[in-house]
>>> print(open('model_34.pdb').read())   # PDB, C-alpha atoms and all ligand atoms
ATOM      1  CA  MET A  17       5.019 -60.285  -7.846
ATOM      2  CA  ASP A  18       4.542 -60.896 -11.539
ATOM      3  CA  VAL A  19       1.039 -61.710 -12.731
ATOM      4  CA  ASN A  20       2.229 -61.642 -16.340
ATOM      5  CA  ASN A  21       4.197 -64.794 -15.770
ATOM      6  CA  THR A  22       2.166 -66.808 -13.357
ATOM      7  CA  LEU A  23       4.279 -69.891 -13.963
ATOM      8  CA  SER A  24       7.071 -68.032 -12.162
ATOM      9  CA  GLY A  25       5.430 -69.231  -8.938
ATOM     10  CA  PHE A  26       6.989 -72.623  -9.628
ATOM     11  CA  ASN A  27      10.434 -71.089  -9.131
ATOM     12  CA  SER A  28       9.784 -70.843  -5.406
ATOM     13  CA  MET A  29       8.799 -73.505  -2.926
ATOM     14  CA  ALA A  30       7.253 -71.193  -0.396
ATOM     15  CA  ALA A  31       5.053 -73.587   1.608
ATOM     16  CA  THR A  32       6.436 -76.263   3.905
ATOM     17  CA  PHE A  33       4.780 -79.053   1.906
ATOM     18  CA  ALA A  34       5.836 -77.755  -1.533
ATOM     19  CA  LYS A  35       8.842 -80.081  -1.748
ATOM     20  CA  ASP A  36       6.692 -83.142  -0.971
ATOM     21  CA  VAL A  37       4.313 -82.185  -3.771
ATOM     22  CA  ASP A  38       7.193 -81.682  -6.204
ATOM     23  CA  GLN A  39       8.755 -84.984  -5.199
ATOM     24  CA  ALA A  40       5.449 -86.789  -5.794
ATOM     25  CA  PHE A  41       5.148 -85.035  -9.144
ATOM     26  CA  TRP A  42       8.609 -85.980 -10.394
ATOM     27  CA  ILE A  43       8.344 -89.586  -9.191
ATOM     28  CA  ASN A  44       5.011 -89.766 -11.011
ATOM     29  CA  PHE A  45       6.542 -88.229 -14.097
ATOM     30  CA  TRP A  46       9.539 -90.573 -14.349
ATOM     31  CA  ILE A  47       7.658 -93.754 -13.474
ATOM     32  CA  SER A  48       5.081 -92.870 -16.132
ATOM     33  CA  ILE A  49       7.877 -92.349 -18.663
ATOM     34  CA  VAL A  50       9.473 -95.702 -17.791
ATOM     35  CA  LEU A  51       6.163 -97.592 -17.897
ATOM     36  CA  GLY A  52       5.112 -95.851 -21.111
ATOM     37  CA  LEU A  53       8.382 -96.620 -22.871
ATOM     38  CA  SER A  54       8.397-100.231 -21.645
ATOM     39  CA  VAL A  55       5.150-100.744 -23.612
ATOM     40  CA  LEU A  56       5.727 -98.479 -26.611
ATOM     41  CA  VAL A  57       9.336 -99.448 -27.443
ATOM     42  CA  PRO A  58       8.711-103.244 -27.647
ATOM     43  CA  MET A  59       5.433-102.584 -29.487
ATOM     44  CA  PHE A  60       7.098-100.659 -32.310
ATOM     45  CA  TYR A  61      10.096-102.995 -32.349
ATOM     46  CA  PHE A  62       7.956-106.135 -32.747
ATOM     47  CA  ALA A  63       5.653-104.477 -35.268
ATOM     48  CA  TRP A  64       8.729-103.803 -37.358
ATOM     49  CA  LYS A  65      10.488-107.125 -36.740
ATOM     50  CA  TYR A  66       7.442-109.281 -37.513
ATOM     51  CA  ARG A  67       6.118-107.196 -40.390
ATOM     52  CA  GLU A  68       4.257-109.233 -43.043
ATOM     53  CA  SER A  69       7.061-109.262 -45.628
ATOM     54  CA  ASN A  70       9.511-110.612 -43.040
ATOM     55  CA  VAL A  71       7.585-113.632 -41.715
ATOM     56  CA  LYS A  72       6.604-116.807 -43.552
ATOM     57  CA  ASP A  73       3.379-118.552 -42.510
ATOM     58  CA  GLU A  74       5.202-121.795 -41.603
ATOM     59  CA  GLU A  75       7.409-119.900 -39.133
ATOM     60  CA  ILE A  76       4.463-118.714 -37.024
ATOM     61  CA  GLU A  77       4.440-120.478 -33.658
ATOM     62  CA  ASN A  78       1.484-120.763 -31.317
ATOM     63  CA  ILE A  79       2.983-119.833 -27.948
ATOM     64  CA  THR A  80       0.471-120.368 -25.144
ATOM     65  CA  HIS A  81       2.361-118.832 -22.245
ATOM     66  CA  ASN A  82       5.673-117.860 -20.665
ATOM     67  CA  THR A  83       5.497-117.964 -16.889
ATOM     68  CA  THR A  84       8.703-115.986 -16.209
ATOM     69  CA  LEU A  85       7.681-113.153 -18.526
ATOM     70  CA  GLU A  86       4.145-113.056 -17.175
ATOM     71  CA  ILE A  87       5.316-112.813 -13.569
ATOM     72  CA  ALA A  88       7.792-110.082 -14.522
ATOM     73  CA  TRP A  89       5.320-107.903 -16.387
ATOM     74  CA  THR A  90       2.771-108.249 -13.622
ATOM     75  CA  LEU A  91       5.043-107.723 -10.635
ATOM     76  CA  ILE A  92       7.270-104.881 -11.870
ATOM     77  CA  PRO A  93       4.450-102.516 -12.900
ATOM     78  CA  THR A  94       2.515-103.409  -9.729
ATOM     79  CA  LEU A  95       5.505-102.458  -7.598
ATOM     80  CA  LEU A  96       6.015 -99.217  -9.537
ATOM     81  CA  MET A  97       2.329 -98.385  -9.127
ATOM     82  CA  MET A  98       2.593 -98.978  -5.382
ATOM     83  CA  VAL A  99       5.528 -96.542  -5.261
ATOM     84  CA  LEU A 100       3.374 -93.984  -7.121
ATOM     85  CA  PHE A 101       0.492 -94.558  -4.761
ATOM     86  CA  TYR A 102       2.718 -94.162  -1.702
ATOM     87  CA  TYR A 103       4.097 -90.763  -2.694
ATOM     88  CA  GLY A 104       0.767 -89.509  -4.023
ATOM     89  CA  TYR A 105      -1.054 -90.604  -0.892
ATOM     90  CA  THR A 106       1.438 -89.269   1.660
ATOM     91  CA  SER A 107       1.773 -85.844   0.045
ATOM     92  CA  MET A 108      -1.989 -85.573  -0.395
ATOM     93  CA  LYS A 109      -2.445 -86.529   3.260
ATOM     94  CA  THR A 110      -0.133 -83.675   4.295
ATOM     95  CA  LEU A 111      -2.168 -81.229   2.217
ATOM     96  CA  ARG A 112      -5.519 -82.510   3.441
ATOM     97  CA  THR A 113      -4.803 -82.896   7.167
ATOM     98  CA  MET A 114      -5.715 -79.585   8.798
ATOM     99  CA  PRO A 115      -3.593 -78.456  11.754
ATOM    100  CA  ALA A 116      -5.423 -77.766  15.043
ATOM    101  CA  ALA A 117      -7.407 -74.525  14.796
ATOM    102  CA  SER A 118      -6.002 -73.495  18.195
ATOM    103  CA  GLU A 119      -2.500 -73.483  16.679
ATOM    104  CA  SER A 120      -3.484 -71.681  13.509
ATOM    105  CA  ILE A 121      -4.939 -68.487  12.140
ATOM    106  CA  VAL A 122      -8.312 -69.277  10.595
ATOM    107  CA  VAL A 123      -9.210 -66.943   7.725
ATOM    108  CA  LYS A 124     -12.546 -66.979   5.907
ATOM    109  CA  VAL A 125     -12.156 -66.739   2.137
ATOM    110  CA  GLU A 126     -14.909 -65.801  -0.283
ATOM    111  CA  GLY A 127     -14.449 -66.072  -4.029
ATOM    112  CA  SER A 128     -16.966 -64.348  -6.295
ATOM    113  CA  LYS A 129     -17.077 -62.903  -9.797
ATOM    114  CA  TRP A 130     -14.274 -61.584  -9.879
ATOM    115  CA  LYS A 131     -12.645 -60.854  -6.581
ATOM    116  CA  TRP A 132     -11.383 -62.539  -3.431
ATOM    117  CA  LYS A 133     -12.363 -61.523   0.098
ATOM    118  CA  TYR A 134     -10.530 -62.409   3.311
ATOM    119  CA  GLU A 135     -12.048 -62.119   6.769
ATOM    120  CA  TYR A 136      -9.873 -62.478   9.875
ATOM    121  CA  PRO A 137     -10.827 -63.237  13.469
ATOM    122  CA  ALA A 138     -11.279 -60.100  15.616
ATOM    123  CA  ASN A 139      -8.103 -58.480  16.924
ATOM    124  CA  LYS A 140      -7.571 -57.350  20.536
ATOM    125  CA  SER A 141      -9.570 -54.172  20.043
ATOM    126  CA  GLY A 142     -12.408 -56.137  18.449
ATOM    127  CA  HIS A 143     -11.728 -54.924  14.911
ATOM    128  CA  VAL A 144     -12.378 -57.501  12.190
ATOM    129  CA  HIS A 145     -10.178 -57.132   9.118
ATOM    130  CA  LYS A 146     -12.211 -57.676   5.965
ATOM    131  CA  ILE A 147     -10.071 -57.369   2.878
ATOM    132  CA  THR A 148     -11.219 -57.248  -0.718
ATOM    133  CA  SER A 149      -8.485 -58.234  -3.114
ATOM    134  CA  VAL A 150      -8.876 -57.405  -6.787
ATOM    135  CA  TYR A 151      -6.627 -57.129  -9.794
ATOM    136  CA  ASP A 152      -6.377 -53.550 -11.045
ATOM    137  CA  LYS A 153      -5.755 -53.530 -14.793
ATOM    138  CA  LYS A 154      -4.553 -49.940 -14.705
ATOM    139  CA  ILE A 155      -1.656 -50.582 -12.320
ATOM    140  CA  GLY A 156      -1.221 -54.144 -13.589
ATOM    141  CA  ASP A 157      -1.130 -55.434 -10.044
ATOM    142  CA  VAL A 158      -3.313 -56.829  -7.320
ATOM    143  CA  LYS A 159      -4.739 -54.416  -4.767
ATOM    144  CA  ARG A 160      -4.495 -55.848  -1.248
ATOM    145  CA  GLY A 161      -4.195 -59.513  -0.407
ATOM    146  CA  LEU A 162      -4.012 -62.145   2.285
ATOM    147  CA  TYR A 163      -1.441 -61.053   4.889
ATOM    148  CA  VAL A 164       0.108 -63.807   7.021
ATOM    149  CA  PRO A 165       3.069 -64.171   9.383
ATOM    150  CA  VAL A 166       5.979 -66.536   8.540
ATOM    151  CA  GLY A 167       6.102 -69.951  10.148
ATOM    152  CA  THR A 168       2.447 -69.992  11.205
ATOM    153  CA  ASN A 169      -0.296 -72.408  10.184
ATOM    154  CA  ILE A 170      -2.994 -70.680   8.188
ATOM    155  CA  ILE A 171      -6.334 -72.439   7.698
ATOM    156  CA  LEU A 172      -8.582 -71.148   4.932
ATOM    157  CA  GLU A 173     -12.324 -71.739   5.206
ATOM    158  CA  MET A 174     -13.521 -71.011   1.719
ATOM    159  CA  THR A 175     -16.898 -70.486   0.096
ATOM    160  CA  ALA A 176     -18.723 -68.547  -2.641
ATOM    161  CA  PRO A 177     -22.085 -66.731  -2.544
ATOM    162  CA  LEU A 178     -25.116 -68.855  -3.475
ATOM    163  CA  ASN A 179     -25.803 -66.829  -6.645
ATOM    164  CA  ASP A 180     -22.201 -67.177  -7.836
ATOM    165  CA  VAL A 181     -20.211 -69.930  -9.561
ATOM    166  CA  LEU A 182     -17.285 -72.261  -8.830
ATOM    167  CA  HIS A 183     -13.829 -70.771  -8.324
ATOM    168  CA  ALA A 184     -10.573 -72.285  -7.072
ATOM    169  CA  TRP A 185      -7.906 -70.721  -4.856
ATOM    170  CA  TYR A 186      -4.565 -71.668  -6.345
ATOM    171  CA  VAL A 187      -1.047 -70.632  -5.317
ATOM    172  CA  PRO A 188       1.616 -72.117  -7.618
ATOM    173  CA  ALA A 189       4.454 -71.106  -5.250
ATOM    174  CA  PHE A 190       2.779 -73.116  -2.465
ATOM    175  CA  ARG A 191       1.651 -76.039  -4.721
ATOM    176  CA  MET A 192      -1.856 -75.838  -3.288
ATOM    177  CA  LYS A 193      -5.248 -75.594  -4.957
ATOM    178  CA  GLU A 194      -8.807 -76.238  -3.879
ATOM    179  CA  ASP A 195     -12.234 -75.520  -5.306
ATOM    180  CA  VAL A 196     -14.402 -72.768  -3.836
ATOM    181  CA  VAL A 197     -18.035 -73.841  -4.044
ATOM    182  CA  PRO A 198     -21.240 -71.770  -3.620
ATOM    183  CA  GLY A 199     -23.060 -72.842  -0.468
ATOM    184  CA  ARG A 200     -20.334 -75.163   0.749
ATOM    185  CA  ILE A 201     -17.221 -74.724   2.879
ATOM    186  CA  THR A 202     -14.000 -76.221   1.587
ATOM    187  CA  LYS A 203     -10.733 -75.952   3.488
ATOM    188  CA  GLN A 204      -7.060 -75.857   2.838
ATOM    189  CA  TRP A 205      -4.062 -74.909   4.958
ATOM    190  CA  PHE A 206      -0.465 -73.822   4.561
ATOM    191  CA  LYS A 207       2.587 -72.678   6.451
ATOM    192  CA  SER A 208       5.215 -70.575   4.760
ATOM    193  CA  ASP A 209       8.769 -70.058   5.981
ATOM    194  CA  VAL A 210       9.751 -67.736   3.146
ATOM    195  CA  PRO A 211       8.685 -64.075   3.410
ATOM    196  CA  GLY A 212       7.546 -62.653   0.088
ATOM    197  CA  GLU A 213       4.596 -61.988  -2.197
ATOM    198  CA  TYR A 214       2.988 -64.870  -4.040
ATOM    199  CA  VAL A 215       0.379 -64.837  -6.789
ATOM    200  CA  VAL A 216      -3.016 -66.398  -6.152
ATOM    201  CA  GLU A 217      -5.014 -67.292  -9.224
ATOM    202  CA  CYS A 218      -8.495 -68.601  -9.800
ATOM    203  CA  ALA A 219      -8.084 -72.081 -11.264
ATOM    204  CA  GLU A 220     -11.713 -72.762 -12.154
ATOM    205  CA  TYR A 221     -13.027 -71.188 -15.323
ATOM    206  CA  CYS A 222     -15.621 -68.738 -14.006
ATOM    207  CA  GLY A 223     -16.576 -66.376 -16.835
ATOM    208  CA  THR A 224     -15.583 -63.063 -18.420
ATOM    209  CA  ALA A 225     -12.881 -61.837 -16.031
ATOM    210  CA  HIS A 226     -11.666 -65.261 -14.884
ATOM    211  CA  SER A 227      -8.208 -64.630 -16.307
ATOM    212  CA  TYR A 228      -7.918 -61.517 -14.126
ATOM    213  CA  MET A 229      -9.148 -63.129 -10.929
ATOM    214  CA  TYR A 230      -5.828 -62.738  -9.190
ATOM    215  CA  SER A 231      -5.030 -62.142  -5.582
ATOM    216  CA  LYS A 232      -1.839 -62.424  -3.567
ATOM    217  CA  VAL A 233      -0.499 -63.866  -0.337
ATOM    218  CA  VAL A 234       1.995 -61.684   1.487
ATOM    219  CA  VAL A 235       4.144 -63.633   3.959
ATOM    220  CA  MET A 236       5.498 -61.177   6.545
ATOM    221  CA  GLU A 237       7.775 -61.107   9.572
ATOM    222  CA  GLN A 238       5.798 -61.756  12.755
ATOM    223  CA  ALA A 239       6.366 -58.263  14.193
ATOM    224  CA  ASP A 240       5.191 -56.532  11.000
ATOM    225  CA  TYR A 241       2.164 -58.776  10.866
ATOM    226  CA  ASP A 242       1.274 -58.135  14.520
ATOM    227  CA  ALA A 243       1.627 -54.375  14.113
ATOM    228  CA  TRP A 244      -0.800 -54.451  11.193
ATOM    229  CA  PHE A 245      -3.195 -57.000  12.683
ATOM    230  CA  GLU A 246      -3.725 -54.977  15.882
ATOM    231  CA  SER A 247      -4.337 -51.821  13.834
ATOM    232  CA  ASN A 248      -7.383 -50.800  11.793
ATOM    233  CA  ALA A 249      -5.401 -50.321   8.574
ATOM    234  CA  LYS A 250      -6.753 -52.093   5.488
ATOM    235  CA  SER A 251      -3.289 -53.314   4.608
ATOM    236  CA  PRO A 252       0.171 -53.259   6.197
ATOM    237  CA  PHE A 253       1.449 -51.193   3.267
ATOM    238  CA  GLU A 254      -1.009 -48.359   3.346
ATOM    239  CA  ASP A 255       0.174 -45.209   5.045
ATOM    240  CA  ALA A 256      -1.854 -44.767   8.216
ATOM    241  CA  ASN A 257      -1.321 -40.992   7.963
ATOM    242  CA  ALA A 258      -2.477 -40.667   4.375
ATOM    243  CA  ALA A 259      -5.688 -38.721   3.816
ATOM    244  CA  PRO A 260      -8.530 -41.128   4.629
ATOM    245  CA  VAL A 261     -10.423 -42.293   1.582
ATOM    246  CA  SER A 262     -14.085 -41.303   1.390
ATOM    247  CA  LYS A 263     -16.742 -43.711   2.602
ATOM    248  CA  GLY A 264     -17.844 -44.050  -1.012
ATOM    249  CA  GLN A 265     -14.379 -45.003  -2.264
ATOM    250  CA  SER A 266     -13.972 -47.457   0.555
ATOM    251  CA  LEU A 267     -17.326 -49.089  -0.340
ATOM    252  CA  TYR A 268     -16.327 -49.084  -3.990
ATOM    253  CA  GLU A 269     -13.129 -50.979  -3.153
ATOM    254  CA  ASP A 270     -14.714 -53.381  -0.663
ATOM    255  CA  ASN A 271     -17.480 -54.374  -3.077
ATOM    256  CA  GLY A 272     -15.072 -55.185  -5.853
ATOM    257  CA  CYS A 273     -16.556 -52.689  -8.343
ATOM    258  CA  ALA A 274     -13.048 -52.060  -9.711
ATOM    259  CA  GLY A 275     -12.846 -55.648 -10.930
ATOM    260  CA  CYS A 276     -15.518 -54.829 -13.519
ATOM    261  CA  HIS A 277     -15.496 -51.033 -13.935
ATOM    262  CA  SER A 278     -12.895 -48.389 -14.569
ATOM    263  CA  ILE A 279     -13.774 -45.122 -12.880
ATOM    264  CA  ASP A 280     -10.879 -42.866 -13.890
ATOM    265  CA  THR A 281     -10.343 -43.949 -17.498
ATOM    266  CA  ASP A 282     -12.680 -44.666 -20.400
ATOM    267  CA  ALA A 283     -11.615 -48.311 -20.521
ATOM    268  CA  THR A 284     -14.385 -50.871 -20.789
ATOM    269  CA  LEU A 285     -13.617 -53.817 -18.529
ATOM    270  CA  VAL A 286     -16.432 -56.270 -17.868
ATOM    271  CA  GLY A 287     -18.882 -53.392 -17.497
ATOM    272  CA  PRO A 288     -18.916 -49.851 -18.923
ATOM    273  CA  SER A 289     -16.527 -47.179 -17.688
ATOM    274  CA  LEU A 290     -18.049 -45.120 -14.884
ATOM    275  CA  LYS A 291     -15.995 -42.055 -15.711
ATOM    276  CA  GLY A 292     -18.261 -39.025 -16.002
ATOM    277  CA  ILE A 293     -21.357 -41.116 -15.342
ATOM    278  CA  GLY A 294     -22.668 -38.485 -12.927
ATOM    279  CA  ALA A 295     -23.126 -36.093 -15.861
ATOM    280  CA  LYS A 296     -25.137 -38.696 -17.784
ATOM    281  CA  TYR A 297     -27.574 -39.909 -15.133
ATOM    282  CA  ASP A 298     -29.200 -38.566 -11.996
ATOM    283  CA  ALA A 299     -28.694 -40.030  -8.528
ATOM    284  CA  ALA A 300     -31.941 -42.004  -8.612
ATOM    285  CA  TYR A 301     -30.881 -43.813 -11.797
ATOM    286  CA  LEU A 302     -27.437 -44.616 -10.411
ATOM    287  CA  LYS A 303     -28.861 -45.920  -7.163
ATOM    288  CA  ASP A 304     -31.310 -48.096  -9.044
ATOM    289  CA  ALA A 305     -28.478 -49.352 -11.254
ATOM    290  CA  LEU A 306     -26.857 -50.809  -8.115
ATOM    291  CA  LYS A 307     -30.014 -52.352  -6.694
ATOM    292  CA  ASN A 308     -31.477 -53.606  -9.996
ATOM    293  CA  PRO A 309     -28.564 -53.936 -12.410
ATOM    294  CA  ASN A 310     -30.610 -55.967 -14.889
ATOM    295  CA  LYS A 311     -33.268 -53.284 -15.413
ATOM    296  CA  ASP A 312     -31.586 -50.755 -17.717
ATOM    297  CA  VAL A 313     -28.784 -52.484 -19.510
ATOM    298  CA  PRO A 314     -26.600 -50.168 -21.610
ATOM    299  CA  ALA A 315     -26.122 -51.133 -25.253
ATOM    300  CA  GLY A 316     -23.361 -53.663 -25.835
ATOM    301  CA  PHE A 317     -23.637 -55.226 -22.354
ATOM    302  CA  PHE A 318     -25.558 -58.154 -20.961
ATOM    303  CA  PRO A 319     -27.909 -58.530 -17.994
ATOM    304  CA  GLY A 320     -27.025 -61.052 -15.291
ATOM    305  CA  VAL A 321     -23.355 -60.057 -15.085
ATOM    306  CA  MET A 322     -23.383 -57.374 -12.419
ATOM    307  CA  PRO A 323     -24.698 -58.736  -9.100
ATOM    308  CA  PRO A 324     -27.450 -56.727  -7.361
ATOM    309  CA  TYR A 325     -26.122 -54.796  -4.354
ATOM    310  CA  ALA A 326     -28.571 -55.002  -1.458
ATOM    311  CA  LEU A 327     -26.554 -52.599   0.704
ATOM    312  CA  PRO A 328     -27.981 -50.260   3.367
ATOM    313  CA  ASP A 329     -29.521 -47.177   1.786
ATOM    314  CA  ALA A 330     -26.877 -44.856   3.235
ATOM    315  CA  ASP A 331     -24.104 -46.945   1.657
ATOM    316  CA  LEU A 332     -25.812 -46.829  -1.745
ATOM    317  CA  ASP A 333     -25.983 -43.039  -1.440
ATOM    318  CA  GLU A 334     -22.248 -42.889  -0.657
ATOM    319  CA  LEU A 335     -21.480 -45.039  -3.701
ATOM    320  CA  VAL A 336     -23.610 -42.798  -5.896
ATOM    321  CA  LYS A 337     -21.817 -39.742  -4.523
ATOM    322  CA  TYR A 338     -18.463 -41.355  -5.255
ATOM    323  CA  MET A 339     -19.523 -42.070  -8.853
ATOM    324  CA  GLN A 340     -20.834 -38.524  -9.289
ATOM    325  CA  ASP A 341     -17.514 -37.135  -8.062
ATOM    326  CA  ALA A 342     -15.538 -39.193 -10.579
ATOM    327  CA  LYS A 343     -15.418 -36.775 -13.487
TER     328      LYS A 343
HETATM  329 CU    CU B   1     -12.947 -67.569 -10.470
END
>>> encode(input="model_34.pdb", output="structure tokens")
Amino acid sequence: MDVNNTLSGFNSMAATFAKDVDQAFWINFWISIVLGLSVLVPMFYFAWKYRESNVKDEEIENITHNTTLEIAWTLIPTLLMMVLFYYGYTSMKTLRTMPAASESIVVKVEGSKWKWKYEYPANKSGHVHKITSVYDKKIGDVKRGLYVPVGTNIILEMTAPLNDVLHAWYVPAFRMKEDVVPGRITKQWFKSDVPGEYVVECAEYCGTAHSYMYSKVVVMEQADYDAWFESNAKSPFEDANAAPVSKGQSLYEDNGCAGCHSIDTDATLVGPSLKGIGAKYDAAYLKDALKNPNKDVPAGFFPGVMPPYALPDADLDELVKYMQDAK
């Protein structure tokens, strides 16, 4: 996956409807070229042919109408427009007609400044996968994503928190895009027959880190997907035997802190680096910084950017511990 060249998504047609969208696009493109030229070329030609120095007043005729011409320039563009409408309408209908939920996997999507979250239905053991997907500047890649099996309908029920802004979930390789609106549920669906990793971008300008609001869709073989889905692992690619991350780190990842803070380098992202912050402030300050981020704003930063985290007290303590351990 290459987030440095997001247009590369257009090299694949990884959703079943992608070719219909492309066909509608190219028909639109060429008909627009033909219609545009059929106006512009005669316009410039006649402007040149009948320029003032070339025409004597007594040669000017008063032509009232020409039925053949009028029928032609009404009918031909009307027919071309109907062709445009047909392809635009049918491909849009494919995109907008949701498959039956009983024959699909329904995933809840939440977009917020500046991360994507995916929530799956419960698996057989009752575990609910909740995945936070954020772009990590340090590794130059997206951490975790939306995992789906090949050849299966996926329905996305998308929303944003009420105190957030508009986003849009856009996958160039699938040719699909839809706004994500605070307080409202919008839907889109897809089916992919091509295993691979595809970039998701936010296509609605949403503030400071908008240009890093990437995620990814990973289309997997059914068996690999099933093995992951029935497990408790956060992603199919994380070693189940690796040392478990601390509760604090897990909370840090799930709450998308990494989208705005670096914790192991001095880099300033949207917010200040948290490296060594435990040596600067005591636990009470750090805890308060999570609950009331607008209270003590460090120099050079603005209030109203970091959302308040109304997490259970124990979780806040774990986060504080994690920050204190990051030296
Ligand atoms: Cu966004």
>>> residues_near_ligand(input="model_34.pdb", ligand="ligand CU 1 (chain B)", cutoff="6 Å", atoms="only C-alpha atoms and all ligand atoms", output="list in words")
His183, Cys218, Glu220, Cys222, His226 and Met229 of chain A
>>> closest_residue(input="model_34.pdb", among="A:Met339, A:Val37, A:Ala138, A:Leu162", to="A:Glu246", atoms="only C-alpha atoms")
A:Ala138
>>> atom_distance(input="model_34.pdb", atom1="atom CA of A:Asp312", atom2="atom CA of A:Ser227")
27.2 Å
>>> resolve_selection(input="model_34.pdb", expression="the PyMOL selection byres (((chain A and resi 165) around 12) and not hetatm)", output="number ranges by chain")
A: 120-121, 162-164, 166-170, 206-213, 233-245, 252
>>> residues_around(input="model_34.pdb", residues="A:Val50", least_positions_apart="6", cutoff="12 Å", atoms="all atoms listed in the file", output="list in words")
Ile43, Asn44, Leu56, Val57, Ile92, Pro93, Leu96 and Met97 of chain A
